[in-house]
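One file, my_file23.cif, is given below (mmCIF, C-alpha atoms and all ligand atoms).
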```cif
data_coords
#
loop_
_atom_site.label_atom_id
_atom_site.label_comp_id
_atom_site.auth_asym_id
_atom_site.auth_seq_id
_atom_site.Cartn_x
_atom_site.Cartn_y
_atom_site.Cartn_z
CA MET F 1 0.00 0.00 0.00
CA LEU F 2 2.81 2.40 0.97
CA GLN F 3 6.54 2.09 0.34
CA ILE F 4 8.96 4.73 1.53
CA ASN F 5 12.43 4.17 0.22
CA ASN F 6 15.40 5.95 1.74
CA ILE F 7 13.96 9.47 2.02
CA GLU F 8 15.84 12.53 3.24
CA THR F 9 13.77 15.56 4.26
CA PHE F 10 14.93 19.05 5.21
CA TYR F 11 13.48 22.16 6.85
CA GLY F 12 15.52 24.78 5.04
CA GLU F 13 19.15 23.81 5.66
CA THR F 14 18.28 21.55 8.59
CA GLN F 15 18.07 17.87 7.76
CA ALA F 16 15.28 16.10 9.69
CA LEU F 17 15.16 12.66 8.01
CA PHE F 18 18.24 10.61 7.15
CA GLY F 19 17.44 7.73 4.80
CA VAL F 20 14.07 6.65 6.23
CA SER F 21 12.49 3.52 4.71
CA LEU F 22 9.16 2.11 5.79
CA ASP F 23 6.39 0.04 4.24
CA ILE F 24 2.78 -0.74 5.02
CA ALA F 25 0.67 -3.53 3.51
CA PRO F 26 -3.05 -3.07 2.75
CA GLY F 27 -5.06 -3.27 5.97
CA GLU F 28 -1.96 -3.24 8.12
CA VAL F 29 -1.71 -1.10 11.28
CA VAL F 30 1.80 0.19 11.84
CA SER F 31 2.99 2.22 14.85
CA LEU F 32 5.65 4.86 14.38
CA LEU F 33 7.22 5.53 17.77
CA GLY F 34 10.18 7.38 19.22
CA PRO F 35 11.11 10.40 21.35
CA ASN F 36 10.21 14.04 20.68
CA GLY F 37 12.02 15.38 17.65
CA ALA F 38 12.80 11.89 16.27
CA GLY F 39 11.20 12.71 12.91
CA LYS F 40 7.80 11.01 13.16
CA THR F 41 5.72 14.03 12.15
CA THR F 42 8.23 14.87 9.44
CA THR F 43 7.79 11.35 8.03
CA LEU F 44 4.02 11.94 7.86
CA ARG F 45 4.56 15.39 6.31
CA SER F 46 6.87 13.85 3.71
CA ILE F 47 4.26 11.22 2.76
CA LEU F 48 1.61 13.95 2.48
CA GLY F 49 3.83 16.20 0.35
CA LEU F 50 3.60 19.01 2.96
CA THR F 51 7.37 18.92 3.54
CA PRO F 52 8.45 17.00 0.44
CA ALA F 53 11.40 14.61 0.65
CA LYS F 54 14.47 15.91 -1.17
CA THR F 55 15.74 12.46 -2.12
CA GLY F 56 14.34 8.93 -2.06
CA ALA F 57 11.01 7.62 -3.28
CA ILE F 58 7.49 7.22 -1.95
CA ASN F 59 4.94 4.95 -3.63
CA PHE F 60 1.30 4.66 -2.67
CA ASP F 61 -1.13 2.13 -4.13
CA GLY F 62 1.35 1.23 -6.87
CA LYS F 63 2.05 4.80 -7.98
CA ALA F 64 4.94 7.18 -7.28
CA ILE F 65 3.76 10.11 -5.17
CA THR F 66 7.22 11.58 -4.56
CA GLY F 67 7.04 15.29 -5.33
CA ALA F 68 3.24 15.24 -5.91
CA GLN F 69 1.04 18.05 -4.59
CA SER F 70 -0.71 17.45 -1.26
CA HIS F 71 -4.21 17.59 -2.77
CA THR F 72 -3.21 14.98 -5.38
CA ILE F 73 -1.88 12.74 -2.61
CA ALA F 74 -5.08 13.16 -0.58
CA ARG F 75 -7.18 12.35 -3.65
CA ALA F 76 -5.13 9.20 -4.25
CA GLY F 77 -6.55 7.95 -0.92
CA ILE F 78 -4.30 9.03 1.94
CA GLY F 79 -6.22 10.45 4.90
CA TRP F 80 -4.67 12.57 7.63
CA VAL F 81 -5.57 13.07 11.27
CA PRO F 82 -3.16 15.89 12.21
CA ASP F 83 -1.87 16.38 15.75
CA ASP F 84 -3.46 19.84 15.98
CA ARG F 85 -6.69 18.44 14.46
CA ARG F 86 -7.06 21.36 12.00
CA ILE F 87 -10.77 21.76 12.48
CA PHE F 88 -12.28 25.03 11.22
CA PRO F 89 -13.38 26.50 14.58
CA THR F 90 -16.10 28.85 13.35
CA LEU F 91 -17.80 26.23 11.17
CA THR F 92 -20.24 23.62 12.42
CA VAL F 93 -19.34 19.96 12.78
CA ALA F 94 -21.54 19.19 9.75
CA ARG F 95 -19.63 21.72 7.59
CA ASN F 96 -16.27 20.45 8.78
CA LEU F 97 -17.29 16.92 7.82
CA ALA F 98 -18.65 18.02 4.45
CA ILE F 99 -15.29 19.63 3.63
CA GLY F 100 -13.59 16.24 4.05
CA ARG F 101 -15.72 14.41 1.46
CA LYS F 102 -13.80 12.85 -1.42
CA LYS F 103 -14.24 9.90 -3.75
CA THR F 104 -11.32 7.55 -4.28
CA ARG F 105 -11.04 3.96 -5.46
CA PHE F 106 -11.29 2.88 -1.78
CA ARG F 107 -14.35 2.26 0.40
CA SER F 108 -16.50 5.31 0.95
CA TRP F 109 -18.12 6.02 4.32
CA SER F 110 -21.43 7.68 5.11
CA VAL F 111 -22.05 10.20 7.89
CA LYS F 112 -24.49 7.63 9.32
CA GLU F 113 -21.61 5.18 9.71
CA MET F 114 -19.67 7.88 11.57
CA PHE F 115 -22.61 8.15 14.01
CA GLU F 116 -22.38 4.39 14.56
CA ILE F 117 -18.65 4.58 15.31
CA PHE F 118 -18.84 7.78 17.39
CA THR F 119 -22.26 7.72 18.99
CA ALA F 120 -21.91 11.26 20.42
CA LEU F 121 -21.29 12.79 16.99
CA GLU F 122 -24.92 12.87 15.80
CA HIS F 123 -25.92 15.33 18.51
CA LEU F 124 -22.99 17.62 17.74
CA MET F 125 -23.65 18.20 14.04
CA SER F 126 -25.03 21.75 14.37
CA ARG F 127 -22.49 22.86 16.99
CA GLU F 128 -19.67 25.23 16.09
CA CYS F 129 -16.36 23.42 16.45
CA GLU F 130 -14.78 26.03 18.72
CA ASN F 131 -17.18 24.87 21.45
CA LEU F 132 -16.13 21.22 21.31
CA SER F 133 -14.02 19.34 23.85
CA GLY F 134 -10.70 17.77 22.79
CA GLY F 135 -12.30 14.33 22.50
CA GLU F 136 -15.19 15.68 20.40
CA MET F 137 -12.74 17.44 18.09
CA GLN F 138 -10.81 14.22 17.64
CA MET F 139 -14.05 12.45 16.63
CA VAL F 140 -14.62 15.15 14.01
CA SER F 141 -11.03 14.94 12.80
CA ILE F 142 -11.11 11.14 12.39
CA SER F 143 -14.58 11.22 10.80
CA ARG F 144 -13.46 13.90 8.35
CA ALA F 145 -10.48 11.75 7.34
CA LEU F 146 -12.75 8.71 6.79
CA LEU F 147 -15.25 10.69 4.72
CA GLY F 148 -12.33 11.27 2.33
CA SER F 149 -12.46 7.50 1.47
CA PRO F 150 -8.86 6.69 2.37
CA GLY F 151 -6.96 3.46 1.74
CA LEU F 152 -4.38 4.59 4.29
CA VAL F 153 -4.91 6.90 7.28
CA LEU F 154 -1.98 8.73 8.89
CA MET F 155 -2.74 9.54 12.52
CA ASP F 156 -0.46 11.93 14.39
CA GLU F 157 -0.78 11.40 18.14
CA PRO F 158 -4.55 10.87 18.05
CA SER F 159 -4.76 10.11 21.78
CA GLN F 160 -2.82 13.21 22.87
CA GLY F 161 -4.61 15.04 25.68
CA LEU F 162 -7.64 12.74 25.67
CA ALA F 163 -9.31 10.96 28.59
CA PRO F 164 -8.60 7.19 28.81
CA LYS F 165 -12.14 6.24 27.68
CA ILE F 166 -11.76 8.36 24.53
CA VAL F 167 -8.28 6.94 23.89
CA GLN F 168 -9.95 3.52 23.96
CA ASP F 169 -12.56 4.69 21.43
CA VAL F 170 -9.80 6.01 19.15
CA MET F 171 -7.92 2.70 19.32
CA LYS F 172 -11.16 0.78 18.67
CA THR F 173 -11.62 2.89 15.55
CA VAL F 174 -8.11 1.93 14.41
CA SER F 175 -9.05 -1.75 14.78
CA ARG F 176 -12.31 -1.14 12.90
CA LEU F 177 -10.38 0.44 10.01
CA LYS F 178 -8.10 -2.57 9.91
CA SER F 179 -11.11 -4.90 9.76
CA GLU F 180 -12.32 -2.90 6.73
CA GLY F 181 -8.97 -3.38 4.97
CA ILE F 182 -7.80 0.19 5.56
CA ALA F 183 -4.16 0.64 6.51
CA VAL F 184 -3.17 2.95 9.39
CA LEU F 185 0.14 4.58 10.24
CA LEU F 186 -0.12 5.54 13.89
CA VAL F 187 2.30 8.04 15.45
CA GLU F 188 1.92 7.86 19.22
CA GLN F 189 3.60 8.91 22.45
CA ASN F 190 1.33 6.41 24.16
CA ALA F 191 3.34 3.41 22.95
CA GLN F 192 1.49 0.71 24.87
CA SER F 193 -1.99 1.51 23.57
CA ALA F 194 -0.64 2.01 20.01
CA LEU F 195 1.26 -1.30 20.06
CA ALA F 196 -1.81 -3.14 21.36
CA VAL F 197 -3.70 -2.40 18.10
CA SER F 198 -0.71 -2.57 15.71
CA ASP F 199 0.69 -5.37 13.56
CA ARG F 200 4.19 -3.91 13.32
CA ALA F 201 6.15 -1.03 14.77
CA TYR F 202 8.96 1.24 13.68
CA VAL F 203 11.00 3.21 16.19
CA MET F 204 12.75 6.40 15.08
CA ASP F 205 15.50 8.42 16.72
CA HIS F 206 17.44 11.43 15.40
CA GLY F 207 15.77 11.22 11.98
CA LYS F 208 16.49 7.52 11.42
CA VAL F 209 14.65 4.24 11.82
CA VAL F 210 16.44 2.46 14.67
CA HIS F 211 14.13 -0.56 15.02
CA GLN F 212 11.39 -2.36 13.14
CA GLY F 213 9.54 -5.53 14.02
CA PRO F 214 6.27 -7.08 15.15
CA ALA F 215 4.29 -4.88 17.57
CA ALA F 216 3.78 -7.87 19.88
CA GLU F 217 7.54 -8.25 20.29
CA LEU F 218 7.93 -4.66 21.58
CA LEU F 219 4.84 -4.98 23.72
CA GLU F 220 6.06 -8.15 25.42
CA ASP F 221 9.80 -7.53 25.62
CA ALA F 222 10.05 -5.00 28.47
CA PRO F 223 13.88 -4.59 28.34
CA MET F 224 13.74 -3.94 24.58
CA ARG F 225 10.90 -1.45 25.06
CA GLU F 226 12.80 0.28 27.84
CA ARG F 227 15.94 0.50 25.67
CA LEU F 228 14.13 1.82 22.59
CA LEU F 229 11.33 3.85 24.08
CA GLY F 230 12.24 4.43 27.71
CA VAL F 231 8.89 2.98 28.88
P1 LIG Y 1 7.27 15.28 18.24
O1 LIG Y 1 6.74 14.10 18.99
O2 LIG Y 1 7.89 16.30 19.13
O3 LIG Y 1 6.31 15.87 17.26
P2 LIG Y 1 8.62 14.08 16.02
O4 LIG Y 1 9.25 12.74 16.14
O5 LIG Y 1 7.32 14.15 15.33
O6 LIG Y 1 8.53 14.71 17.45
P3 LIG Y 1 9.48 16.02 14.12
O7 LIG Y 1 8.42 17.00 14.49
O8 LIG Y 1 9.31 15.28 12.85
O9 LIG Y 1 9.70 14.99 15.30
O10 LIG Y 1 10.88 16.77 14.13
C1 LIG Y 1 12.07 16.22 13.58
C2 LIG Y 1 13.16 17.27 13.59
O11 LIG Y 1 12.85 18.32 12.68
C3 LIG Y 1 13.38 17.93 14.96
O12 LIG Y 1 14.76 18.13 15.13
C4 LIG Y 1 12.66 19.24 14.81
O13 LIG Y 1 13.28 20.22 15.62
C5 LIG Y 1 12.84 19.57 13.35
N1 LIG Y 1 11.72 20.35 12.85
C6 LIG Y 1 10.41 20.00 12.88
N2 LIG Y 1 9.64 20.95 12.32
C7 LIG Y 1 10.48 21.92 11.91
C8 LIG Y 1 10.32 23.19 11.26
N3 LIG Y 1 9.09 23.62 10.89
N4 LIG Y 1 11.41 23.92 11.02
C9 LIG Y 1 12.65 23.48 11.38
N5 LIG Y 1 12.88 22.32 11.99
C10 LIG Y 1 11.83 21.54 12.25
#
```

Spit out the file's structure as structure tokens when you get a sec.
Amino acid sequence: MLQINNIETFYGETQALFGVSLDIAPGEVVSLLGPNGAGKTTTLRSILGLTPAKTGAINFDGKAITGAQSHTIARAGIGWVPDDRRIFPTLTVARNLAIGRKKTRFRSWSVKEMFEIFTALEHLMSRECENLSGGEMQMVSISRALLGSPGLVLMDEPSQGLAPKIVQDVMKTVSRLKSEGIAVLLVEQNAQSALAVSDRAYVMDHGKVVHQGPAAELLEDAPMRERLLGV
């Protein structure tokens, strides 16, 4: 579904990624872990074409997307749940969701299905987004990404700042996406809950991939987890 081959990404003169390679199969959930500043968000931004990789190659769904415009990449079927959620605060929930609608070759989702996944959402549709709680905003952000009919969803710290019950709901949604054949790349500080729903994990440090392997291995091997993640 996604192959990243040896990318290097810069912010101006500053190099943030040093030869990062990563791949994701259809319907696979992959965690991308590592300390602050390791390059996780930059990897997502490189995939999305927001901070394009200077060298290396990125393929999605059998096509090269290296150097493509962000809107072209989104239309190819990559959804994004950004860490700052990027909801339009003065628009209603319904408008924010409508903005996310796109058709791709992947499964499309209805707003009704979003109400089934996030039961609280239906009663929020006419509310302006600036009045929502963090958890409610995250529901809108994930729903908006799904309404864009993605084959792969990139989630940047979706559980950040949320109550444990809502973190559980977010992780349940990740499992639901997997069961529908949708791949997820999950950047998380909360390694344990991310690993519990992931097939594989990558760990980054200083702009490089320093470990890759089955998620279960990292979850079960406490000394390895301590060494790589400090938790
Ligand atoms: P975090 O969990 O803090 O978001 P991260 O693993 O996502 O960490 P990145 O945000 O990808 O890390 O940052 C990777 C490197 O790139 C860091 O050294 C960071 O300081 C640098 N960096 C990130 N954004 C910018 C920017 N807009 N301009 C310059 N340098 C940046």

Notebook entry, point to check: From the set F:Lys172, F:Lys54, F:Lys178, F:Lys40, which residue has the shortest atom-to-atom contact distance to ligand LIG 1 (chain Y), counting only C-alpha atoms and all ligand atoms?
Noted result: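 Ranking F:Lys172, F:Lys54, F:Lys178, F:Lys40 by distance to ligand LIG 1 (chain Y), first place goes to F:Lys40.
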
Next item on the list: Compile the contact shell of Asn131 of chain F as a VMD selection string: residues with an atom at most 12 Å away, counting only C-alpha atoms, same-chain residues fewer than 5 positions apart removed.
Entry: chain F and resid 87 to 93 124 to 126 136 to 137

Next item on the list: Could you give me the residues within 9 Å of ligand LIG 1 (chain Y), counting all atoms listed in the file, as a ChimeraX atom specification?
Entry: /F:9-17,32-45,51,83,156-157,187-189,204-207

Per residue of segment 21-107 of chain F within 8 Å of segment 139-144 of chain F, what are the shortest atom pair and its distance in Å to one decimal, counting only C-alpha atoms, with rows by chain and residue number, as a tab-separated table?
```
residue	atom	partner	partner_atom	distance
F:Val81	CA	F:Ser141	CA	6.0
F:Pro82	CA	F:Ser141	CA	7.9
F:Arg85	CA	F:Ser141	CA	5.8
F:Arg86	CA	F:Ser141	CA	7.6
F:Ile87	CA	F:Ser141	CA	6.8
F:Val93	CA	F:Val140	CA	6.9
F:Asn96	CA	F:Arg144	CA	7.1
F:Leu97	CA	F:Arg144	CA	4.9
F:Ala98	CA	F:Arg144	CA	7.7
F:Ile99	CA	F:Arg144	CA	7.6
F:Gly100	CA	F:Arg144	CA	4.9
F:Arg101	CA	F:Arg144	CA	7.3
```

Checklist line | Option closest in space to Val167 of chain F, from F:Leu132, F:Ala194, F:Met224, F:Val153 [counting all atoms listed in the file] | finding: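 Distance minimum relative to Val167 of chain F lands on F:Ala194.
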
Item checked: Pairwise distance for atom CA of Lys165 of chain F and atom CA of Gly135 of chain F, rounded to one decimal in Å -> 9.6 Å

Notebook entry, point to check: Between atom CA of Arg225 of chain F and atom CA of Ala196 of chain F, what is the spacing in Å?
Noted result: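 These two atoms are separated by 13.3 Å.
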
Item checked: atom CA of Leu177 of chain F to atom CA of Trp109 of chain F, distance in Å rounded to a single decimal ->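 Distance reported for this atom pair: 11.1 Å.
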
Next item on the list: Counting all atoms listed in the file, write as a VMD selection string all protein and nucleic acid residues lying at most 12 Å from (11.2, 8.6, -4.5) in the file's frame.
Entry: chain F and resid 2 to 9 19 to 21 46 to 47 49 52 to 60 63 to 68

I need the residues from that last selection saved to file as a JSON list (two decimals), keeping the file's coordinate frame (with C-alpha atoms), if you can.
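File produced: out20.json:
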```
[["chain", "number", "residue", "atom", "x", "y", "z"],
["F", 2, "LEU", "CA", 2.81, 2.40, 0.97],
["F", 3, "GLN", "CA", 6.54, 2.09, 0.34],
["F", 4, "ILE", "CA", 8.96, 4.73, 1.53],
["F", 5, "ASN", "CA", 12.43, 4.17, 0.22],
["F", 6, "ASN", "CA", 15.40, 5.95, 1.74],
["F", 7, "ILE", "CA", 13.96, 9.47, 2.02],
["F", 8, "GLU", "CA", 15.84, 12.53, 3.24],
["F", 9, "THR", "CA", 13.77, 15.56, 4.26],
["F", 19, "GLY", "CA", 17.44, 7.73, 4.80],
["F", 20, "VAL", "CA", 14.07, 6.65, 6.23],
["F", 21, "SER", "CA", 12.49, 3.52, 4.71],
["F", 46, "SER", "CA", 6.87, 13.85, 3.71],
["F", 47, "ILE", "CA", 4.26, 11.22, 2.76],
["F", 49, "GLY", "CA", 3.83, 16.20, 0.35],
["F", 52, "PRO", "CA", 8.45, 17.00, 0.44],
["F", 53, "ALA", "CA", 11.40, 14.61, 0.65],
["F", 54, "LYS", "CA", 14.47, 15.91, -1.17],
["F", 55, "THR", "CA", 15.74, 12.46, -2.12],
["F", 56, "GLY", "CA", 14.34, 8.93, -2.06],
["F", 57, "ALA", "CA", 11.01, 7.62, -3.28],
["F", 58, "ILE", "CA", 7.49, 7.22, -1.95],
["F", 59, "ASN", "CA", 4.94, 4.95, -3.63],
["F", 60, "PHE", "CA", 1.30, 4.66, -2.67],
["F", 63, "LYS", "CA", 2.05, 4.80, -7.98],
["F", 64, "ALA", "CA", 4.94, 7.18, -7.28],
["F", 65, "ILE", "CA", 3.76, 10.11, -5.17],
["F", 66, "THR", "CA", 7.22, 11.58, -4.56],
["F", 67, "GLY", "CA", 7.04, 15.29, -5.33],
["F", 68, "ALA", "CA", 3.24, 15.24, -5.91]]
```

Margin query: I need the residue nearest Phe118 of chain F from this list: F:Gln160, F:Val170, F:Ser70, F:Ala145. Use all atoms listed in the file for the distance.
Written below: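 Nearest to Phe118 of chain F: F:Val170.
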